[in-house]
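Data file: start.csv. Format and content: CSV, C-alpha atoms and all ligand atoms.
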chain,number,residue,atom,x,y,z
A,14,MET,CA,-12.1,13.0,-29.7
A,15,PRO,CA,-12.5,9.5,-28.4
A,16,TYR,CA,-12.7,9.2,-24.6
A,17,THR,CA,-9.5,8.0,-22.9
A,18,VAL,CA,-10.3,5.9,-19.8
A,19,LEU,CA,-9.2,7.5,-16.6
A,20,ALA,CA,-6.7,4.7,-15.8
A,21,ARG,CA,-4.8,5.4,-19.0
A,22,ALA,CA,-5.2,9.2,-19.0
A,23,TRP,CA,-3.8,9.4,-15.5
A,24,ARG,CA,-0.9,7.0,-15.7
A,25,PRO,CA,1.9,8.5,-13.5
A,26,THR,CA,4.7,9.6,-15.8
A,27,THR,CA,7.2,10.7,-13.1
A,28,PHE,CA,8.1,9.5,-9.6
A,29,SER,CA,6.4,12.5,-8.1
A,30,GLU,CA,3.1,11.5,-9.6
A,31,LEU,CA,3.4,7.9,-8.4
A,32,VAL,CA,1.1,7.0,-5.5
A,33,GLY,CA,2.5,4.8,-2.7
A,34,GLN,CA,5.3,2.3,-3.4
A,35,GLU,CA,7.7,4.7,-1.5
A,36,HIS,CA,10.2,1.9,-0.8
A,37,VAL,CA,10.6,1.2,-4.5
A,38,ARG,CA,10.7,4.9,-5.4
A,39,SER,CA,13.4,5.8,-3.0
A,40,ALA,CA,15.6,2.8,-3.9
A,41,LEU,CA,15.3,3.6,-7.6
A,42,THR,CA,15.8,7.3,-7.1
A,43,ASN,CA,19.0,6.7,-5.1
A,44,ALA,CA,20.4,4.2,-7.6
A,45,LEU,CA,19.7,6.6,-10.5
A,46,GLU,CA,21.2,9.5,-8.7
A,47,MET,CA,24.3,7.6,-7.9
A,48,GLY,CA,24.5,6.2,-11.5
A,49,ARG,CA,24.4,2.6,-10.2
A,50,LEU,CA,21.3,1.0,-11.7
A,51,HIS,CA,21.4,-2.7,-11.9
A,52,HIS,CA,21.0,-4.0,-15.5
A,53,ALA,CA,18.0,-6.1,-14.6
A,54,LEU,CA,15.1,-5.1,-12.4
A,55,LEU,CA,12.2,-7.3,-11.5
A,56,PHE,CA,8.9,-5.7,-10.4
A,57,THR,CA,6.3,-8.0,-8.7
A,58,GLY,CA,2.8,-7.2,-7.4
A,59,THR,CA,-0.8,-7.7,-8.1
A,60,ARG,CA,-2.6,-6.0,-11.0
A,61,GLY,CA,-2.8,-2.2,-11.2
A,62,VAL,CA,-0.3,-1.3,-8.5
A,63,GLY,CA,2.2,0.5,-10.8
A,64,LYS,CA,4.6,-2.1,-12.3
A,65,THR,CA,4.3,-1.0,-15.9
A,66,SER,CA,4.1,2.7,-14.9
A,67,ILE,CA,7.3,2.5,-12.8
A,68,ALA,CA,9.1,0.6,-15.6
A,69,ARG,CA,8.2,3.4,-18.1
A,70,ILE,CA,9.3,6.0,-15.6
A,71,VAL,CA,12.7,4.3,-15.3
A,72,ALA,CA,13.0,4.2,-19.0
A,73,LYS,CA,12.5,8.0,-19.1
A,74,CYS,CA,15.0,8.5,-16.2
A,75,LEU,CA,17.6,6.6,-18.2
A,76,ASN,CA,17.0,8.3,-21.6
A,77,CYS,CA,15.9,11.9,-20.8
A,78,ASP,CA,17.9,14.5,-22.6
A,79,VAL,CA,18.9,16.2,-19.4
A,80,GLY,CA,21.0,13.1,-18.5
A,81,VAL,CA,20.4,10.1,-16.3
A,82,THR,CA,18.1,11.5,-13.6
A,83,SER,CA,15.5,10.5,-11.1
A,84,ALA,CA,13.3,13.5,-12.3
A,85,PRO,CA,13.0,13.3,-16.1
A,86,CYS,CA,11.9,16.5,-17.8
A,87,SER,CA,8.8,15.0,-19.7
A,88,ASN,CA,9.5,17.6,-22.4
A,89,CYS,CA,12.4,16.4,-24.4
A,90,SER,CA,12.0,14.1,-27.4
A,91,PRO,CA,12.9,10.8,-25.6
A,92,CYS,CA,10.6,11.6,-22.6
A,93,ARG,CA,7.7,12.5,-24.9
A,94,SER,CA,8.1,9.5,-27.1
A,95,ILE,CA,8.2,7.2,-24.1
A,96,ASP,CA,5.1,8.8,-22.7
A,97,ALA,CA,3.4,8.3,-26.1
A,98,GLY,CA,4.6,4.7,-26.3
A,99,ALA,CA,6.6,5.4,-29.4
A,100,PHE,CA,10.2,5.2,-28.3
A,101,MET,CA,12.3,3.0,-30.5
A,102,ASP,CA,14.7,1.9,-27.7
A,103,LEU,CA,11.9,0.9,-25.3
A,104,VAL,CA,10.9,-2.6,-26.4
A,105,GLU,CA,7.7,-3.8,-24.7
A,106,VAL,CA,7.2,-7.5,-24.8
A,107,ASP,CA,4.1,-9.2,-23.4
A,108,GLY,CA,5.0,-12.5,-22.0
A,109,ALA,CA,1.4,-13.5,-21.7
A,110,SER,CA,0.6,-13.1,-25.4
A,111,ARG,CA,1.3,-16.4,-27.1
A,112,THR,CA,4.3,-15.0,-28.9
A,113,LYS,CA,5.4,-17.1,-31.8
A,114,VAL,CA,8.8,-18.6,-31.5
A,115,GLU,CA,10.1,-16.5,-34.4
A,116,SER,CA,9.0,-13.2,-32.8
A,117,VAL,CA,10.6,-14.2,-29.5
A,118,ARG,CA,13.8,-14.9,-31.5
A,119,ASP,CA,13.4,-11.5,-33.1
A,120,TRP,CA,13.6,-9.5,-29.9
A,121,ILE,CA,16.1,-11.8,-28.3
A,122,ASP,CA,18.4,-11.6,-31.3
A,123,ASP,CA,17.9,-7.9,-31.3
A,124,VAL,CA,19.4,-7.5,-27.8
A,125,GLN,CA,23.0,-7.6,-29.0
A,126,PHE,CA,22.5,-4.4,-31.0
A,127,PRO,CA,23.1,-1.0,-29.3
A,128,PRO,CA,20.4,1.5,-28.8
A,129,THR,CA,19.5,3.5,-31.9
A,130,GLN,CA,17.8,6.6,-30.5
A,131,GLY,CA,18.6,6.8,-26.8
A,132,ARG,CA,21.3,6.2,-24.2
A,133,TYR,CA,19.9,2.9,-23.2
A,134,LYS,CA,17.9,0.2,-24.9
A,135,ILE,CA,15.3,-1.1,-22.5
A,136,TYR,CA,13.4,-4.3,-22.6
A,137,LEU,CA,10.2,-4.2,-20.6
A,138,ILE,CA,8.9,-7.8,-20.4
A,139,ASP,CA,5.4,-7.9,-18.8
A,140,GLU,CA,4.1,-11.1,-17.2
A,141,VAL,CA,7.6,-12.5,-17.7
A,142,HIS,CA,6.7,-15.8,-15.9
A,143,MET,CA,4.6,-16.7,-19.0
A,144,LEU,CA,7.6,-16.7,-21.4
A,145,SER,CA,8.2,-19.9,-23.2
A,146,THR,CA,11.1,-22.1,-22.2
A,147,HIS,CA,12.9,-21.2,-25.3
A,148,ALA,CA,12.5,-17.5,-24.6
A,149,PHE,CA,13.6,-18.0,-20.9
A,150,ASN,CA,16.8,-19.7,-21.9
A,151,ALA,CA,17.6,-16.9,-24.3
A,152,LEU,CA,16.8,-14.3,-21.7
A,153,LEU,CA,18.9,-16.1,-19.1
A,154,LYS,CA,21.9,-16.1,-21.4
A,155,THR,CA,21.6,-12.3,-21.9
A,156,LEU,CA,21.1,-11.7,-18.2
A,157,GLU,CA,24.3,-13.6,-17.5
A,158,GLU,CA,26.3,-11.6,-19.9
A,159,PRO,CA,24.4,-8.4,-20.3
A,160,PRO,CA,25.5,-6.3,-23.4
A,161,PRO,CA,26.4,-2.7,-22.4
A,162,ASN,CA,23.6,-0.1,-22.4
A,163,ILE,CA,20.9,-2.7,-22.2
A,164,ILE,CA,18.5,-2.7,-19.3
A,165,PHE,CA,15.9,-5.4,-18.6
A,166,LEU,CA,12.8,-4.4,-16.7
A,167,LEU,CA,10.8,-7.5,-15.9
A,168,ALA,CA,7.3,-7.5,-14.4
A,169,THR,CA,5.1,-10.3,-13.0
A,170,THR,CA,2.0,-10.9,-11.0
A,171,ASP,CA,3.3,-14.3,-10.1
A,172,PRO,CA,7.0,-14.4,-9.1
A,173,GLN,CA,6.7,-18.0,-7.8
A,174,LYS,CA,6.5,-19.2,-11.4
A,175,LEU,CA,9.8,-17.6,-12.3
A,176,PRO,CA,12.9,-19.8,-12.4
A,177,ALA,CA,15.3,-19.0,-9.5
A,178,THR,CA,18.0,-18.6,-12.0
A,179,VAL,CA,16.2,-15.5,-13.4
A,180,ILE,CA,15.3,-14.1,-10.0
A,181,SER,CA,18.8,-14.3,-8.7
A,182,ARG,CA,20.1,-12.2,-11.6
A,183,CYS,CA,17.6,-9.4,-11.0
A,184,LEU,CA,17.3,-6.7,-8.4
A,185,ARG,CA,13.8,-7.4,-7.1
A,186,PHE,CA,11.1,-4.8,-6.1
A,187,ASP,CA,7.9,-6.1,-4.5
A,188,LEU,CA,5.1,-3.6,-5.0
A,189,VAL,CA,2.4,-3.5,-2.5
A,190,GLN,CA,-1.4,-3.1,-2.7
A,191,LEU,CA,-2.3,0.6,-2.3
A,192,PRO,CA,-4.0,1.7,1.0
A,193,VAL,CA,-7.5,3.0,0.7
A,194,ALA,CA,-6.5,6.5,1.8
A,195,LYS,CA,-3.9,6.9,-1.0
A,196,MET,CA,-6.4,5.7,-3.6
A,197,VAL,CA,-9.0,8.1,-2.4
A,198,ASP,CA,-6.4,11.0,-2.6
A,199,ARG,CA,-5.5,10.0,-6.1
A,200,MET,CA,-9.1,9.8,-7.2
A,201,ARG,CA,-9.7,13.2,-5.7
A,202,SER,CA,-7.0,14.8,-7.7
A,203,VAL,CA,-8.0,13.0,-10.9
A,204,LEU,CA,-11.6,14.3,-10.5
A,205,ARG,CA,-10.4,17.8,-9.7
A,206,GLY,CA,-8.3,17.6,-12.8
A,207,GLU,CA,-11.3,16.5,-14.8
A,208,GLY,CA,-13.5,19.1,-13.3
A,209,ILE,CA,-16.0,16.6,-11.9
A,210,ALA,CA,-17.7,17.2,-8.5
A,211,PHE,CA,-17.8,14.3,-6.0
A,212,GLU,CA,-18.7,13.1,-2.5
A,213,LEU,CA,-15.7,11.8,-0.6
A,214,ALA,CA,-17.8,8.9,0.8
A,215,GLY,CA,-18.4,7.8,-2.8
A,216,LEU,CA,-14.7,7.6,-3.4
A,217,MET,CA,-14.2,5.7,-0.2
A,218,ALA,CA,-16.7,3.0,-1.4
A,219,VAL,CA,-14.9,2.7,-4.7
A,220,ALA,CA,-11.5,2.5,-3.0
A,221,HIS,CA,-12.7,-0.3,-0.6
A,222,THR,CA,-14.0,-2.3,-3.5
A,223,ALA,CA,-10.9,-1.8,-5.6
A,224,ASP,CA,-8.9,-4.0,-3.2
A,225,GLY,CA,-5.6,-2.3,-3.4
A,226,SER,CA,-5.5,-1.9,-7.2
A,227,MET,CA,-5.3,1.7,-8.5
A,228,ARG,CA,-6.3,0.6,-11.9
A,229,ASP,CA,-9.5,-1.1,-10.6
A,230,ALA,CA,-10.3,2.0,-8.6
A,231,LEU,CA,-10.0,4.3,-11.7
A,232,SER,CA,-12.0,1.9,-13.8
A,233,LEU,CA,-14.8,1.8,-11.2
A,234,LEU,CA,-14.7,5.5,-11.1
A,235,ASP,CA,-15.2,5.7,-14.9
A,236,GLN,CA,-18.2,3.4,-14.5
A,237,LEU,CA,-19.5,5.5,-11.7
A,238,ILE,CA,-19.3,8.7,-13.7
A,239,SER,CA,-21.5,7.1,-16.4
A,240,PHE,CA,-23.7,5.2,-14.0
A,241,GLY,CA,-24.5,8.4,-12.1
A,242,ASP,CA,-24.6,10.6,-15.2
A,243,GLY,CA,-21.7,12.6,-13.8
A,244,GLN,CA,-22.8,12.5,-10.2
A,245,VAL,CA,-20.1,10.9,-8.1
A,246,SER,CA,-22.2,10.6,-5.0
A,247,GLU,CA,-22.1,8.1,-2.2
A,248,ALA,CA,-25.6,6.9,-2.9
A,249,ASN,CA,-24.7,6.2,-6.6
A,250,ALA,CA,-21.4,4.6,-5.7
A,251,ARG,CA,-23.1,2.2,-3.2
A,252,ALA,CA,-25.9,1.4,-5.6
A,253,MET,CA,-23.5,0.7,-8.4
A,254,LEU,CA,-21.3,-1.5,-6.2
A,255,GLY,CA,-24.3,-3.4,-4.8
A,256,MET,CA,-23.6,-2.1,-1.3
A,257,ILE,CA,-26.6,-1.5,1.1
A,258,PRO,CA,-27.1,2.1,2.2
A,259,ARG,CA,-24.6,3.2,4.8
A,260,ASP,CA,-27.3,4.0,7.4
A,261,ARG,CA,-28.4,0.3,7.3
A,262,ILE,CA,-24.9,-0.7,8.5
A,263,VAL,CA,-25.1,1.9,11.2
A,264,HIS,CA,-28.5,0.6,12.2
A,265,LEU,CA,-27.3,-2.9,12.5
A,266,ALA,CA,-24.5,-1.7,14.8
A,267,GLU,CA,-27.1,0.2,16.9
A,268,LEU,CA,-29.3,-2.9,17.3
A,269,LEU,CA,-26.2,-4.9,18.3
A,270,SER,CA,-25.3,-2.4,20.9
A,271,MET,CA,-28.8,-2.7,22.4
A,272,HIS,CA,-28.6,-6.5,22.5
A,273,ASN,CA,-32.1,-6.6,21.0
A,274,VAL,CA,-32.3,-10.0,19.4
A,275,PRO,CA,-35.7,-9.9,17.8
A,276,ALA,CA,-35.2,-6.4,16.4
A,277,LEU,CA,-31.8,-7.4,15.1
A,278,LEU,CA,-33.1,-10.5,13.4
A,279,GLY,CA,-36.0,-8.7,11.9
A,280,ASP,CA,-33.7,-6.0,10.5
A,281,ALA,CA,-31.3,-8.6,9.1
A,282,ARG,CA,-34.1,-10.4,7.4
A,283,SER,CA,-35.4,-7.2,5.8
A,284,LEU,CA,-32.1,-6.6,4.2
A,285,ALA,CA,-32.7,-9.7,2.0
A,286,ASP,CA,-35.0,-7.6,-0.1
A,287,LEU,CA,-32.0,-5.6,-1.3
A,288,ALA,CA,-30.2,-8.8,-2.4
A,289,PRO,CA,-27.1,-7.6,-0.7
A,290,ASN,CA,-23.6,-8.9,-0.7
A,291,TYR,CA,-23.4,-10.3,2.8
A,292,ASP,CA,-19.7,-10.6,2.8
A,293,HIS,CA,-19.5,-6.9,2.1
A,294,ILE,CA,-21.9,-6.1,5.0
A,295,LEU,CA,-19.8,-8.0,7.4
A,296,HIS,CA,-16.7,-6.3,6.0
A,297,GLU,CA,-18.3,-2.9,6.6
A,298,LEU,CA,-19.6,-3.8,10.0
A,299,ALA,CA,-16.1,-4.9,11.0
A,300,GLY,CA,-14.7,-1.7,9.7
A,301,LEU,CA,-17.2,0.3,11.7
A,302,PHE,CA,-16.3,-1.6,14.9
A,303,VAL,CA,-12.6,-0.7,14.2
A,304,ASN,CA,-13.5,3.0,13.8
A,305,ILE,CA,-15.6,3.0,16.9
A,306,ALA,CA,-12.8,1.3,18.9
A,307,ILE,CA,-10.3,3.8,17.7
A,308,ARG,CA,-12.6,6.7,18.4
A,309,GLN,CA,-12.9,5.5,22.0
A,310,VAL,CA,-9.2,5.8,22.6
A,311,THR,CA,-8.1,8.8,20.6
A,312,ASP,CA,-9.4,12.3,19.6
A,313,GLU,CA,-7.3,12.2,16.4
A,314,VAL,CA,-9.5,11.8,13.4
A,315,ASP,CA,-8.6,10.4,10.0
A,316,ASP,CA,-9.9,12.2,7.0
A,317,ASP,CA,-11.8,9.2,5.8
A,318,VAL,CA,-14.1,9.0,8.9
A,319,ARG,CA,-14.5,12.8,9.4
A,320,ASP,CA,-18.0,12.9,7.8
A,321,ALA,CA,-19.1,9.9,10.0
A,322,LEU,CA,-17.9,11.5,13.2
A,323,GLU,CA,-21.3,12.1,14.7
A,324,VAL,CA,-22.2,8.4,14.3
A,325,LEU,CA,-18.9,7.3,15.7
A,326,ASP,CA,-19.3,9.6,18.7
A,327,ARG,CA,-22.8,8.3,19.4
A,328,LEU,CA,-21.8,4.6,19.1
A,329,SER,CA,-18.6,4.9,21.1
A,330,GLN,CA,-20.8,6.0,24.0
A,331,THR,CA,-23.0,2.9,23.8
A,332,TYR,CA,-20.4,0.2,23.2
A,333,THR,CA,-17.9,-1.3,25.7
A,334,ALA,CA,-14.5,-2.0,24.3
A,335,GLN,CA,-15.0,-5.6,25.2
A,336,ASP,CA,-18.1,-5.9,23.0
A,337,LEU,CA,-16.4,-4.1,20.2
A,338,HIS,CA,-13.4,-6.5,20.1
A,339,LEU,CA,-15.6,-9.5,20.4
A,340,TYR,CA,-18.0,-8.4,17.6
A,341,TYR,CA,-15.1,-7.5,15.4
A,342,GLN,CA,-13.6,-10.9,15.8
A,343,ILE,CA,-16.9,-12.7,15.2
A,344,ALA,CA,-17.5,-10.5,12.1
A,345,ILE,CA,-14.3,-11.4,10.4
A,346,ILE,CA,-14.5,-15.1,11.2
A,347,GLY,CA,-18.1,-14.9,10.0
A,348,ARG,CA,-16.8,-13.6,6.7
A,349,ARG,CA,-14.3,-16.3,6.4
A,350,ASP,CA,-16.9,-19.0,7.0
A,351,LEU,CA,-19.6,-17.4,4.8
A,352,SER,CA,-18.7,-19.6,1.9
A,353,LEU,CA,-19.2,-22.7,4.1
A,354,ALA,CA,-22.6,-21.6,5.4
A,355,LEU,CA,-25.9,-23.3,4.2
A,356,ASP,CA,-26.5,-20.1,2.4
A,357,ALA,CA,-25.1,-16.6,2.7
A,358,GLN,CA,-28.1,-15.1,4.4
A,359,ALA,CA,-28.2,-17.9,7.0
A,360,GLY,CA,-24.5,-17.5,7.6
A,361,PHE,CA,-24.9,-13.7,8.0
A,362,GLU,CA,-27.8,-13.9,10.4
A,363,LEU,CA,-26.1,-16.5,12.5
A,364,THR,CA,-23.0,-14.4,12.7
A,365,LEU,CA,-25.0,-11.5,14.1
A,366,LEU,CA,-26.7,-13.8,16.6
A,367,ARG,CA,-23.4,-15.2,17.6
A,368,MET,CA,-22.2,-11.7,18.6
A,369,LEU,CA,-25.0,-11.4,21.1
A,370,ALA,CA,-24.8,-15.0,22.3
A,371,PHE,CA,-21.2,-14.8,23.2
A,372,ARG,CA,-21.3,-11.5,25.0
A,373,PRO,CA,-19.9,-11.8,28.5
A,374,GLY,CA,-22.9,-12.1,30.9
A,375,SER,CA,-25.5,-12.6,28.2
A,401,LIG,N1,1.2,3.5,-7.8
A,401,LIG,C1,0.4,4.1,-8.7
A,401,LIG,N2,0.2,5.4,-8.6
A,401,LIG,C2,-0.7,6.1,-9.5
A,401,LIG,N3,-1.4,5.4,-10.4
A,401,LIG,C3,-1.3,4.1,-10.5
A,401,LIG,C4,-0.4,3.4,-9.6
A,401,LIG,N4,-0.5,2.1,-9.9
A,401,LIG,C5,-1.4,2.0,-10.9
A,401,LIG,N5,-1.9,3.2,-11.2
A,401,LIG,C6,-3.0,3.5,-12.2
A,401,LIG,O1,-3.4,2.2,-12.8
A,401,LIG,C7,-3.0,2.2,-14.2
A,401,LIG,C8,-2.3,0.9,-14.5
A,401,LIG,O2,-1.1,0.8,-13.8
A,401,LIG,P1,0.1,-0.1,-14.2
A,401,LIG,O3,1.3,0.5,-13.8
A,401,LIG,O4,-0.1,-0.5,-15.6
A,401,LIG,O5,-0.2,-1.4,-13.3
A,401,LIG,P2,0.4,-2.8,-13.3
A,401,LIG,O6,1.5,-2.9,-14.4
A,401,LIG,O7,1.0,-3.0,-11.9
A,401,LIG,O8,-0.7,-3.8,-13.6
A,401,LIG,C9,-2.1,3.4,-14.4
A,401,LIG,O9,-2.3,3.9,-15.7
A,401,LIG,C10,-2.5,4.4,-13.4
A,401,LIG,O10,-3.6,5.1,-13.8
A,402,MG,MG,1.3,-3.9,-16.3
A,403,ZN,ZN,13.4,14.4,-20.8
Could you write out this file's structure as structure tokens?
Amino acid sequence: MPYTVLARAWRPTTFSELVGQEHVRSALTNALEMGRLHHALLFTGTRGVGKTSIARIVAKCLNCDVGVTSAPCSNCSPCRSIDAGAFMDLVEVDGASRTKVESVRDWIDDVQFPPTQGRYKIYLIDEVHMLSTHAFNALLKTLEEPPPNIIFLLATTDPQKLPATVISRCLRFDLVQLPVAKMVDRMRSVLRGEGIAFELAGLMAVAHTADGSMRDALSLLDQLISFGDGQVSEANARAMLGMIPRDRIVHLAELLSMHNVPALLGDARSLADLAPNYDHILHELAGLFVNIAIRQVTDEVDDDVRDALEVLDRLSQTYTAQDLHLYYQIAIIGRRDLSLALDAQAGFELTLLRMLAFRPGS
């Protein structure tokens, strides 16, 4: 059997499987339960945060044999054909594909006909901002006078490019990027489902790199599984992602806490052999400062720092809160300015030196 990539194999097919986007889930669930769903919904958000998944879930909610529901059964014929991408009354249109005028006319002309198989006919238009002017005008007309039992689900990564006339006729849901902890949780259950062992810190590294996109996280996880020959370990993840070993970051933080300029500079220089991503190092250093600062003021421990607790405890003894806040600030400004630096290595080294140079009393 051909291998299905994780991102596709693990597409959420009910609201209960959806990760995050609670504000969207609860608004839609309420509307569905009260039987008051708007005839045009617009989903915005960056890639891989759930726009298409949510739209397909809504299609199931509206057409499930148990009746309009917020918890479709996933077993009846409409549910199953929607999950399989084969439901006649769910028309998926890709605004980004250079649809020929005739084919646009095809689906627009088709809007006036009632559903053939289900309760509702649903048009899911992805990257709707890319539609041609012709298609927009046709769409606008149908949005103004929506035929009964027709629902429009529009999705876009770029709502600014949508005409205000379209936006104003839709109920709009802005999806957010997913927090690291939620992506880690999801990857954890995916790997358990697949029967693959893992190290939590490896998933953390992947989640940080995925930048809020669940799809990117799962694609990276696929890569990691083949990269490490099935070993989802922290070391493999960091090697694959071009991150320096975690203890090198900790070591930098230690040298910074000792205010040892020559040792710090020497260590920073030796990192060059690893051809590291300096932006990433500053990002991780800033993250470490945040975790130390939080550790200093509370005993509550987040799951994602649990295995680094010993390090955090040790560093929180050696740092003053003042230094931490200053270093954090300098690290993030250093990241911002990295692209302006003579070269990334110089920008990175100077950022570290600046932390010590600006210390009160230095
Ligand atoms: N909120 C989410 N919860 C769970 N999985 C998600 C979520 N968002 C994205 N994914 C994963 O990423 C894949 C692509 O998601 P999709 O809904 O097509 O994203 P979008 O349309 O926003 O680009 C899904 O198949 C799923 O595996
Ligand atoms: Mg999509
Ligand atoms: Zn059903």
Show me a table, sorted first by chain and then by increasing residue number, of the residues of chain A having an atom at most 12 Å from ligand MG 402 (chain A), each with its shortest atom pair and the distance in Å to one decimal, counting all atoms listed in the file and written as JSON lines.
{"residue": "A:Ala20", "atom": "CA", "partner": "A:MG402", "partner_atom": "MG", "distance": 11.8}
{"residue": "A:Arg21", "atom": "CA", "partner": "A:MG402", "partner_atom": "MG", "distance": 11.4}
{"residue": "A:Arg24", "atom": "CA", "partner": "A:MG402", "partner_atom": "MG", "distance": 11.1}
{"residue": "A:Phe56", "atom": "CA", "partner": "A:MG402", "partner_atom": "MG", "distance": 9.8}
{"residue": "A:Thr57", "atom": "CA", "partner": "A:MG402", "partner_atom": "MG", "distance": 10.0}
{"residue": "A:Gly58", "atom": "CA", "partner": "A:MG402", "partner_atom": "MG", "distance": 9.6}
{"residue": "A:Thr59", "atom": "CA", "partner": "A:MG402", "partner_atom": "MG", "distance": 9.3}
{"residue": "A:Arg60", "atom": "CA", "partner": "A:MG402", "partner_atom": "MG", "distance": 6.9}
{"residue": "A:Gly61", "atom": "CA", "partner": "A:MG402", "partner_atom": "MG", "distance": 6.8}
{"residue": "A:Val62", "atom": "CA", "partner": "A:MG402", "partner_atom": "MG", "distance": 8.4}
{"residue": "A:Gly63", "atom": "CA", "partner": "A:MG402", "partner_atom": "MG", "distance": 7.1}
{"residue": "A:Lys64", "atom": "CA", "partner": "A:MG402", "partner_atom": "MG", "distance": 5.5}
{"residue": "A:Thr65", "atom": "CA", "partner": "A:MG402", "partner_atom": "MG", "distance": 4.2}
{"residue": "A:Ser66", "atom": "CA", "partner": "A:MG402", "partner_atom": "MG", "distance": 7.3}
{"residue": "A:Ile67", "atom": "CA", "partner": "A:MG402", "partner_atom": "MG", "distance": 9.4}
{"residue": "A:Ala68", "atom": "CA", "partner": "A:MG402", "partner_atom": "MG", "distance": 9.0}
{"residue": "A:Arg69", "atom": "CA", "partner": "A:MG402", "partner_atom": "MG", "distance": 10.2}
{"residue": "A:Glu105", "atom": "CA", "partner": "A:MG402", "partner_atom": "MG", "distance": 10.6}
{"residue": "A:Val106", "atom": "CA", "partner": "A:MG402", "partner_atom": "MG", "distance": 11.0}
{"residue": "A:Asp107", "atom": "CA", "partner": "A:MG402", "partner_atom": "MG", "distance": 9.3}
{"residue": "A:Gly108", "atom": "CA", "partner": "A:MG402", "partner_atom": "MG", "distance": 11.0}
{"residue": "A:Ala109", "atom": "CA", "partner": "A:MG402", "partner_atom": "MG", "distance": 11.0}
{"residue": "A:Leu137", "atom": "CA", "partner": "A:MG402", "partner_atom": "MG", "distance": 9.9}
{"residue": "A:Ile138", "atom": "CA", "partner": "A:MG402", "partner_atom": "MG", "distance": 9.5}
{"residue": "A:Asp139", "atom": "CA", "partner": "A:MG402", "partner_atom": "MG", "distance": 6.2}
{"residue": "A:Glu140", "atom": "CA", "partner": "A:MG402", "partner_atom": "MG", "distance": 7.8}
{"residue": "A:Val141", "atom": "CA", "partner": "A:MG402", "partner_atom": "MG", "distance": 10.8}
{"residue": "A:Leu166", "atom": "CA", "partner": "A:MG402", "partner_atom": "MG", "distance": 11.5}
{"residue": "A:Leu167", "atom": "CA", "partner": "A:MG402", "partner_atom": "MG", "distance": 10.2}
{"residue": "A:Ala168", "atom": "CA", "partner": "A:MG402", "partner_atom": "MG", "distance": 7.3}
{"residue": "A:Thr169", "atom": "CA", "partner": "A:MG402", "partner_atom": "MG", "distance": 8.1}
{"residue": "A:Thr170", "atom": "CA", "partner": "A:MG402", "partner_atom": "MG", "distance": 8.8}
{"residue": "A:Leu188", "atom": "CA", "partner": "A:MG402", "partner_atom": "MG", "distance": 11.9}
{"residue": "A:Ser226", "atom": "CA", "partner": "A:MG402", "partner_atom": "MG", "distance": 11.5}
{"residue": "A:Met227", "atom": "CA", "partner": "A:MG402", "partner_atom": "MG", "distance": 11.7}
{"residue": "A:Arg228", "atom": "CA", "partner": "A:MG402", "partner_atom": "MG", "distance": 9.9}
List all protein, DNA and RNA residues that have any atom at most 9 Å from ligand ZN 403 (chain A), counting only C-alpha atoms and all ligand atoms, and write the list as a PyMOL selection string.
-> chain A and resi 73-74+76-80+84-93
Could those selected residues go to a file with C-alpha atoms, as an mmCIF file, keeping the file's coordinate frame?
data_model
loop_
_atom_site.group_PDB
_atom_site.id
_atom_site.type_symbol
_atom_site.label_atom_id
_atom_site.label_comp_id
_atom_site.auth_asym_id
_atom_site.auth_seq_id
_atom_site.Cartn_x
_atom_site.Cartn_y
_atom_site.Cartn_z
ATOM 1 C CA LYS A 73 12.500 8.000 -19.100
ATOM 2 C CA CYS A 74 15.000 8.500 -16.200
ATOM 3 C CA ASN A 76 17.000 8.300 -21.600
ATOM 4 C CA CYS A 77 15.900 11.900 -20.800
ATOM 5 C CA ASP A 78 17.900 14.500 -22.600
ATOM 6 C CA VAL A 79 18.900 16.200 -19.400
ATOM 7 C CA GLY A 80 21.000 13.100 -18.500
ATOM 8 C CA ALA A 84 13.300 13.500 -12.300
ATOM 9 C CA PRO A 85 13.000 13.300 -16.100
ATOM 10 C CA CYS A 86 11.900 16.500 -17.800
ATOM 11 C CA SER A 87 8.800 15.000 -19.700
ATOM 12 C CA ASN A 88 9.500 17.600 -22.400
ATOM 13 C CA CYS A 89 12.400 16.400 -24.400
ATOM 14 C CA SER A 90 12.000 14.100 -27.400
ATOM 15 C CA PRO A 91 12.900 10.800 -25.600
ATOM 16 C CA CYS A 92 10.600 11.600 -22.600
ATOM 17 C CA ARG A 93 7.700 12.500 -24.900
#
Who sits within 9 Å of region 303-314 of chain A, all atoms listed in the file, same chain under 2 positions skipped, as a PyMOL selection string = chain A and resi 298-301+316-319+322+324-326+328-330+332-334+337-338+341
May I have the residues within 6 Å of Ile164 (chain A) as number ranges by chain, using all atoms listed in the file and disregarding those fewer than 3 positions away in the same chain?
-> A: 52-53, 135
Contact residues around Ala214 (chain A) with all atoms listed in the file at 7 Å, ignoring same-chain residues under 3 positions, as a ChimeraX atom specification | /A:217-218,247
For the residues in that selection, give me C-alpha atoms as an mmCIF file, keeping the file's coordinate frame.
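File written: selection-v3.cif
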data_model
loop_
_atom_site.group_PDB
_atom_site.id
_atom_site.type_symbol
_atom_site.label_atom_id
_atom_site.label_comp_id
_atom_site.auth_asym_id
_atom_site.auth_seq_id
_atom_site.Cartn_x
_atom_site.Cartn_y
_atom_site.Cartn_z
ATOM 1 C CA MET A 217 -14.200 5.700 -0.200
ATOM 2 C CA ALA A 218 -16.700 3.000 -1.400
ATOM 3 C CA GLU A 247 -22.100 8.100 -2.200
#
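Within 10 Å of Asn290 (chain A), once all atoms listed in the file are used and residues closer than 6 positions along the same chain are dropped, the contacting residues are Leu254, Gly255, Met256, Ile257, His296, Ala357 and Gln358 of chain A.
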